[in-house]
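Novice: For reference, this is data23.txt, and it has compact mmCIF, C-alpha atoms.
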```
# COMPACT_ATOMS: atom_id res chain seq x y z
CA ARG F 1 84.90 71.71 119.03
CA ASN F 2 86.08 72.18 115.44
CA LYS F 3 83.68 72.34 112.51
CA THR F 4 83.68 69.75 109.73
CA LYS F 5 85.57 70.94 106.65
CA LEU F 6 85.80 69.73 103.05
CA THR F 7 88.43 70.27 100.39
CA CYS F 8 89.50 68.66 97.11
CA PHE F 9 93.07 67.75 96.19
CA ASN F 10 94.47 65.46 93.51
CA SER F 11 90.98 64.28 92.44
CA THR F 12 90.23 63.30 96.03
CA VAL F 13 87.78 64.80 98.52
CA PHE F 14 89.19 65.26 102.03
CA ILE F 15 86.80 65.51 104.98
CA SER F 16 87.94 66.63 108.42
CA THR F 17 86.18 65.91 111.71
CA ASN F 18 87.91 64.29 114.69
CA HIS F 19 89.62 62.22 111.97
CA LEU F 20 90.80 63.03 108.45
CA TYR F 21 89.05 61.02 105.73
CA GLN F 22 89.65 60.79 102.00
CA LEU F 23 86.88 59.97 99.55
CA LYS F 24 88.10 58.62 96.21
CA GLU F 25 86.24 56.56 93.63
CA GLY F 26 83.40 56.04 96.10
CA LYS F 27 85.67 54.67 98.85
CA LEU F 28 85.98 56.46 102.21
CA THR F 29 89.27 55.91 104.07
CA LYS F 30 90.63 57.26 107.35
CA ILE F 31 94.16 58.64 106.99
CA LEU F 32 94.62 60.60 110.24
CA LEU F 33 93.00 59.25 113.38
CA GLY F 34 91.95 60.91 116.61
CA GLN F 35 93.03 64.44 115.73
CA TRP F 36 90.74 67.41 115.22
CA ILE F 37 91.71 69.06 111.96
CA ARG F 38 91.68 72.80 112.55
CA ASN F 39 92.14 73.80 108.89
CA MET F 40 93.23 72.56 105.46
CA ASN F 41 94.73 74.44 102.52
CA VAL F 42 95.43 73.21 98.99
CA ASN F 43 98.05 74.33 96.49
CA SER F 44 99.19 72.73 93.22
CA LYS F 45 101.59 70.32 94.94
CA GLU F 46 100.14 69.46 98.34
CA LEU F 47 97.39 69.47 100.91
CA LEU F 48 98.45 71.33 104.07
CA ILE F 49 96.80 70.38 107.35
CA THR F 50 97.00 71.83 110.82
CA THR F 51 96.17 69.74 113.87
CA THR F 52 98.44 69.81 116.90
CA ASN F 53 101.19 69.69 114.28
CA VAL F 54 101.56 71.04 110.73
CA THR F 55 101.36 68.29 108.12
CA SER F 56 101.66 68.02 104.33
CA ILE F 57 100.22 65.36 101.99
CA ASN F 58 101.63 65.29 98.45
CA LYS F 59 100.16 63.90 95.23
CA LYS F 60 101.61 60.46 95.97
CA ASN F 61 99.70 60.49 99.27
CA ASP F 62 102.96 60.70 101.22
CA LEU F 63 102.53 62.39 104.59
CA SER F 64 105.21 64.70 106.01
CA ILE F 65 105.18 66.47 109.36
CA LEU F 66 106.53 70.00 108.86
CA TYR F 67 106.31 71.37 112.40
CA ILE F 68 105.88 69.83 115.85
CA PRO F 69 105.53 72.46 118.61
CA PHE F 70 106.66 69.97 121.24
CA PHE F 71 110.13 69.82 119.66
CA ASP F 72 110.51 73.57 119.14
CA ASN F 73 112.76 74.78 121.97
CA THR F 74 113.06 78.38 120.72
CA ASN F 75 111.41 81.49 122.15
CA ASN F 76 109.26 81.72 119.02
CA LYS F 77 107.40 78.47 119.69
CA GLU F 78 103.71 78.62 118.72
CA SER F 79 100.81 76.16 118.68
CA LYS F 80 97.04 75.83 118.15
CA PHE F 81 97.17 77.06 114.57
CA GLU F 82 93.79 77.90 113.05
CA ALA F 83 95.04 78.65 109.52
CA LEU F 84 97.90 77.90 107.15
CA LEU F 85 99.03 78.77 103.65
CA ARG F 86 102.07 78.27 101.43
CA ASN F 87 102.59 81.63 99.73
CA GLU F 88 103.84 82.34 96.21
CA ASN F 89 107.45 82.29 97.48
CA GLY F 90 107.05 78.84 98.99
CA THR F 91 107.02 80.05 102.61
CA ILE F 92 104.44 78.47 104.90
CA LEU F 93 102.38 81.05 106.78
CA LEU F 94 100.54 80.07 109.96
CA GLY F 95 97.82 81.88 111.88
CA ASN F 96 96.59 81.50 115.44
CA GLU F 97 95.27 83.65 118.30
CA ASN F 98 98.65 85.42 118.46
CA GLY F 99 98.59 86.49 114.79
CA LEU F 100 100.68 85.60 111.74
CA HIS F 101 103.82 83.45 111.77
CA LYS F 102 106.31 82.16 109.20
CA LEU F 103 107.51 78.55 109.21
CA GLU F 104 111.10 78.28 107.99
CA ASN F 105 113.41 75.29 108.47
CA ARG F 106 110.80 73.72 110.78
CA LYS F 107 111.00 76.70 113.14
CA ILE F 108 108.70 79.68 113.71
CA ASN F 109 110.09 82.99 112.47
CA HIS F 110 108.60 86.43 113.17
CA ASN F 111 111.24 88.44 111.31
CA SER F 112 109.85 91.50 109.48
CA LEU F 113 106.27 90.91 110.68
CA ASP F 114 106.26 94.24 112.49
CA ASN F 115 102.91 95.73 111.50
CA PRO F 116 100.51 95.61 114.50
CA LEU F 117 97.86 94.00 112.27
CA PHE F 118 100.09 90.91 112.01
CA LYS F 119 99.61 90.44 115.78
CA VAL F 120 95.80 90.19 115.56
CA GLY F 121 94.34 86.68 115.94
CA ILE F 122 93.85 84.86 112.62
CA ILE F 123 91.12 82.32 111.83
CA ASP F 124 91.80 81.70 108.11
CA LEU F 125 94.38 82.31 105.35
CA LYS F 126 93.85 82.18 101.60
CA TYR F 127 95.67 83.21 98.40
CA SER F 128 94.19 84.94 95.37
CA ASN F 129 95.77 86.30 92.20
CA SER F 130 93.79 89.51 92.65
CA PHE F 131 94.09 90.00 96.40
CA LYS F 132 97.41 88.18 97.07
CA ASN F 133 97.64 86.73 100.61
CA ILE F 134 94.43 87.19 102.60
CA ALA F 135 94.04 86.95 106.37
CA ALA F 136 90.71 86.65 108.19
CA THR F 137 90.82 87.91 111.76
CA ARG F 138 88.86 87.76 114.97
CA GLY F 139 87.78 91.37 115.42
CA LYS F 140 89.68 93.31 112.74
CA GLY F 141 88.00 92.13 109.54
CA ILE F 142 90.28 90.98 106.73
CA TYR F 143 93.57 92.24 105.37
CA PHE F 144 95.64 91.65 102.25
CA PHE F 145 99.42 91.35 102.35
CA LYS F 146 102.44 90.38 100.29
CA ASP F 147 105.70 89.32 101.92
CA SER F 148 105.73 91.45 105.09
CA ILE F 149 103.77 94.41 103.74
CA ILE F 150 100.08 95.07 104.41
CA ILE F 151 98.48 96.01 101.09
CA ASP F 152 95.01 96.89 102.34
CA SER F 153 92.30 95.95 104.83
CA ILE F 154 88.50 95.79 104.82
CA ARG F 155 86.26 96.17 107.88
CA THR F 156 82.63 96.88 108.71
CA GLU F 157 83.02 100.57 107.89
CA ASP F 158 83.97 99.48 104.35
CA GLY F 159 81.00 97.13 103.94
CA LEU F 160 81.87 93.91 105.78
CA LEU F 161 78.93 92.53 107.73
CA SER F 162 81.20 91.67 110.65
CA ASN F 163 84.83 92.15 111.69
CA ASP F 164 84.70 88.73 113.37
CA ILE F 165 85.24 86.28 110.50
CA ASN F 166 84.53 82.52 110.37
CA SER F 167 86.25 81.59 107.09
CA LEU F 168 87.29 82.69 103.59
CA TYR F 169 86.74 81.14 100.17
CA VAL F 170 88.28 82.13 96.81
CA ASP F 171 86.14 80.89 93.93
CA SER F 172 87.03 79.94 90.35
CA LYS F 173 86.50 83.56 89.24
CA ASP F 174 89.02 84.79 91.83
CA ARG F 175 86.25 86.38 93.89
CA LEU F 176 86.50 86.40 97.67
CA TRP F 177 83.68 85.12 99.90
CA VAL F 178 83.81 86.17 103.55
CA CYS F 179 81.76 84.14 106.05
CA SER F 180 80.61 85.47 109.41
CA ASN F 181 77.81 85.09 111.96
CA LYS F 182 76.12 88.16 110.50
CA GLY F 183 75.92 86.93 106.92
CA LEU F 184 78.04 86.52 103.80
CA ASN F 185 80.12 89.06 101.85
CA LEU F 186 81.27 88.72 98.24
CA ILE F 187 84.27 90.89 97.34
CA THR F 188 85.41 91.45 93.77
CA LYS F 189 88.44 93.53 92.82
CA LEU F 190 87.82 95.58 89.68
CA LYS F 191 90.46 98.00 88.34
CA GLY F 192 92.03 98.36 91.78
CA LYS F 193 88.72 98.99 93.57
CA TYR F 194 86.64 96.66 95.71
CA LYS F 195 83.03 95.79 95.01
CA ILE F 196 81.58 94.53 98.30
CA GLU F 197 78.22 92.75 98.27
CA GLN F 198 76.20 91.62 101.28
CA PHE F 199 73.97 88.55 101.64
CA THR F 200 71.79 87.96 104.71
CA THR F 201 68.39 86.49 105.57
CA LYS F 202 66.95 89.59 103.90
CA ASN F 203 68.34 88.23 100.61
CA GLY F 204 67.00 84.71 101.18
CA LEU F 205 69.63 83.03 103.34
CA ILE F 206 68.02 80.68 105.85
CA SER F 207 70.48 81.89 108.52
CA ASN F 208 73.01 84.67 108.94
CA GLU F 209 75.43 82.24 110.58
CA ILE F 210 77.70 81.20 107.69
CA ASN F 211 80.64 78.92 108.51
CA GLU F 212 81.88 77.82 105.08
CA VAL F 213 81.34 78.37 101.34
CA TYR F 214 82.02 75.66 98.74
CA GLU F 215 81.84 75.70 94.97
```
Just dump the structure as structure tokens.
Specialist:
Amino acid sequence: RNKTKLTCFNSTVFISTNHLYQLKEGKLTKILLGQWIRNMNVNSKELLITTTNVTSINKKNDLSILYIPFFDNTNNKESKFEALLRNENGTILLGNENGLHKLENRKINHNSLDNPLFKVGIIDLKYSNSFKNIAATRGKGIYFFKDSIIIDSIRTEDGLLSNDINSLYVDSKDRLWVCSNKGLNLITKLKGKYKIEQFTTKNGLISNEINEVYE
């Protein structure tokens, strides 16, 4: 069962459960019915959504389906995406239990994703000016990458509370929040070095199980 998620795009709040709702000017409207939304990601032009398919909603509220696994007859076919992101080059990146994938011309492409870390299951993807592309994994912490190159990674030995991540959030100060079942990390990049802070029940949290952070 997927968790409820919130995001804001084009002055509208989007709420995902077993349907996708939009809340605008006090009016709540269903726009996708009967589909669990696994994740949402916002950029300046669109809201990206992953359900069974990969879908985009633009500022005019036009809905486009970008990838349907059922119609992909190649050997690279993938499904059950937990995360998605359009990177700075315009390429859509997708993450699932099999790792990282590129979506190009409505087909999955694994070209140049050779690093073994790209094969680790992904639960969330985010972009930050400081960290570039960020992947949250199930079991290997987080890693930063650009194009097909791993820039760096952070795990429990570096200060993460858990290597098994629930979600990521990049705030308005370009700081990275990492949510897990063992608490919350705040990561700031200063002069090329990482400042990693930990927040748990010892710091006043009512629970160490953190699913999402919102600002």
Novice: List the spatial neighbours of F:Asp147 as a ChimeraX atom specification - criterion: any atom at most 12 Å away, all atoms listed in the file, same-chain residues fewer than 4 positions off excluded.
Specialist: /F:86-93,100-102,110-115,118,132-134,151
Novice: Name all residues at most 6 Å from F:Ala136 (count all atoms listed in the file; drop same-chain ones fewer than 3 positions away) and give them as a list in words.
Specialist: Ile122, Ile123, Asp124, Ile142 and Ile165 of chain F
Novice: Could you name the residues that touch F:Ala83 at 7 Å or less, counting all atoms listed in the file, but leaving out those on the same chain fewer than 6 positions away, as a ChimeraX atom specification?
Specialist: /F:39,94-96,123-125
Novice: Just the number, please: distance in Å from atom CA of F:Lys189 to atom CA of F:Asp171, one decimal.
Specialist: 12.9 Å
Novice: So what do you get for atom CA of F:Ser162 versus atom CA of F:Gly139, distance-wise?
Specialist: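 Straight-line distance from atom CA of F:Ser162 to atom CA of F:Gly139 works out to 8.1 Å.
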Novice: Can you list, as a short mmCIF file (atom, residue, chain, number, x, y, z; two decimals) with C-alpha atoms, in the coordinates of the input, every protein, DNA or RNA residue that comes within 12 Å of F:Pro116 when you count only C-alpha atoms, leaving out same-chain residues fewer than 3 positions away?
Specialist:
```cif
data_model
loop_
_atom_site.label_atom_id
_atom_site.label_comp_id
_atom_site.auth_asym_id
_atom_site.auth_seq_id
_atom_site.Cartn_x
_atom_site.Cartn_y
_atom_site.Cartn_z
CA ASN F 98 98.65 85.42 118.46
CA GLY F 99 98.59 86.49 114.79
CA LEU F 100 100.68 85.60 111.74
CA SER F 112 109.85 91.50 109.48
CA LEU F 113 106.27 90.91 110.68
CA LYS F 119 99.61 90.44 115.78
CA VAL F 120 95.80 90.19 115.56
CA GLY F 121 94.34 86.68 115.94
CA LYS F 140 89.68 93.31 112.74
CA TYR F 143 93.57 92.24 105.37
CA SER F 148 105.73 91.45 105.09
CA ILE F 149 103.77 94.41 103.74
CA ILE F 150 100.08 95.07 104.41
#
```
Novice: One decimal, Å: what's the distance from atom CA of F:Glu157 over to atom CA of F:Lys191, could you say?
Specialist: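 Separation of atom CA of F:Glu157 and atom CA of F:Lys191: 21.1 Å.
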Novice: Give as a tab-separated table (two decimals) with C-alpha atoms, keeping the file's coordinate frame every residue, naming chains and numbers as the document does, that has an atom within 6 Å of (81.2, 90.7, 111.6), counting all atoms listed in the file.
Specialist:
```
chain	number	residue	atom	x	y	z
F	161	LEU	CA	78.93	92.53	107.73
F	162	SER	CA	81.20	91.67	110.65
F	163	ASN	CA	84.83	92.15	111.69
F	164	ASP	CA	84.70	88.73	113.37
F	180	SER	CA	80.61	85.47	109.41
F	182	LYS	CA	76.12	88.16	110.50
```
Novice: Leaving out F:Lys24 and any residue of its chain fewer than 2 positions from it, which residues lie within 9 Å of it when counting all atoms listed in the file, given as number ranges by chain?
Specialist: F: 11-14, 22, 26-29
